[in-house]
Each structure stands twice: as structure tokens, then as C-alpha cells.
Amino acid sequence: MSIFSLFKSSRKEPQQLPFHTDIHCHLVPGVDDGSPDTATSVEIIERMKGWGIDRIFLSPHVTQDTFENTPESLAGPYAELKDAVKAADIDMELHRHAHADSIEEYMSSRDFKRHLKYFDSIRNDKI
């Protein structure tokens with residue numbers, strides 16, 4: 001069962017979640033096993049807003065040989081998502097997942113040192 005099947009369920013959605021920040025989600029479109037496209041990401045973000053989420057730390061997989069994402073390859077999808085959320089008039093604070101101590105997947109990357117330096121430079125960076 002995919003995480004995205006939860007969003008298509010006929011079950012009653014929660015009225016409000018007991019927290020306002022999602023610190024780990026795969027909503028960067030088309031870069032890993034998460035959201036397949038921008039429209040799906042925007043739909044999910046809109047639902048999350050309705051549940052009381054107002055800040056999201058986008059955290060795509062960056063594993064070597066599986067999802068070889070880099071800061072450079074993620075820049076376009078991040079920007080595309082930010083623009084789409086703005087165009088949909090959803091008031092959501094989006095952040096790159098920028099804390100090196102919580103991105104253990106980067107450690108398996110051949111470019112770990114470069115990733116670490118990059119994430120240190122954008123710590124708490126909004127997109």
C-alpha cells in the first residue's frame with residue numbers, strides 16, 4: 001500500500017492533526033517513490049493544509065544507486081512545486097530538508113561531503 005493511497009481513500013479525513021509541521025514527506029514531484037507529479041503534490045499539500053499543517057520539510061530520497069538526487073537535480077522540481085503551490089493560492093511554508101543530522105540517506109551517496117556542505121549552506125532555507 002502506497003502512502004498516496006491514503007489520500008484517495010473514502011475514509012473520513014481528520015479534521016485537525018495535533019501538530020502543524022511535517023518534517024518528512026516525499027512531495028517533491030517525480031524524484032523518488034513519492035509523489036509522481038506536481039498536480040498530485042499540490043493536491044496533497046492542499047489536504048494537509050486542511051488538516052492544520054502549515055509547514056512542510058520536503059525530504060526526497062537521495063540514496064546511491066536508487067534515487068541519486070543531488071542539490072542540483074532537485075532545484076528544478078523544488079522550484080516547480082513552490083510555484084504551483086503559490087499559483088494554487090495555498091498558504092504553506094515549504095522548506096528543503098536542510099539538516100545534515102537528519103539526512104542519513106546522504107551518507108550513502110558518493111558525493112556525501114558535497115551534500116553536507118550544500119545543506120549546511122541552506123540550513124532552514126525556505127523554498
# chains A, B, ... in the order shown; residues from 1 in each chain; ligands from 1
call {"tool": "select_by_dssp", "arguments": {"residues": "range 6-104 of chain A", "states": "alpha helix (DSSP H)", "output": "PyMOL selection string"}}
result
chain A and resi 38-50+71-87
call {"tool": "atom_distance", "arguments": {"atom1": "CA of Ala88 in chain A", "atom2": "CA of Asp54 in chain A"}}
result
14.8 Å
call {"tool": "atom_distance", "arguments": {"atom1": "CA of Tyr78 in chain A", "atom2": "CA of Asp33 in chain A"}}
result
15.7 Å
call {"tool": "residues_around", "arguments": {"residues": "Arg55 in chain A", "least_positions_apart": "6", "cutoff": "7 Å", "atoms": "only C-alpha atoms", "output": "list in words"}}
result
His20, Thr21, Asp22, Met92, Glu93 and Leu94 of chain A
call {"tool": "closest_residue", "arguments": {"among": "A:Gln15, A:Ser35, A:Thr40, A:Ser59", "to": "Pro71 in chain A", "atoms": "only C-alpha atoms"}}
result
A:Ser59
call {"tool": "closest_residue", "arguments": {"among": "A:Ile45, A:Pro77, A:Asp32, A:Leu17", "to": "Asp65 in chain A", "atoms": "only C-alpha atoms"}}
result
A:Asp32
call {"tool": "residues_around", "arguments": {"residues": "Ile90 in chain A", "least_positions_apart": "2", "cutoff": "12 Å", "atoms": "only C-alpha atoms", "output": "JSON, numbers by chain"}}
result
{"A": [41, 42, 43, 44, 45, 46, 47, 48, 49, 50, 53, 54, 55, 81, 82, 83, 84, 85, 86, 87, 88, 92, 93, 94]}
call {"tool": "closest_residue", "arguments": {"among": "A:Asp89, A:Pro18, A:His26, A:His95", "to": "Trp51 in chain A", "atoms": "only C-alpha atoms"}}
result
A:Pro18
call {"tool": "atom_distance", "arguments": {"atom1": "CA of Phe67 in chain A", "atom2": "CA of Gly34 in chain A"}}
result
11.1 Å
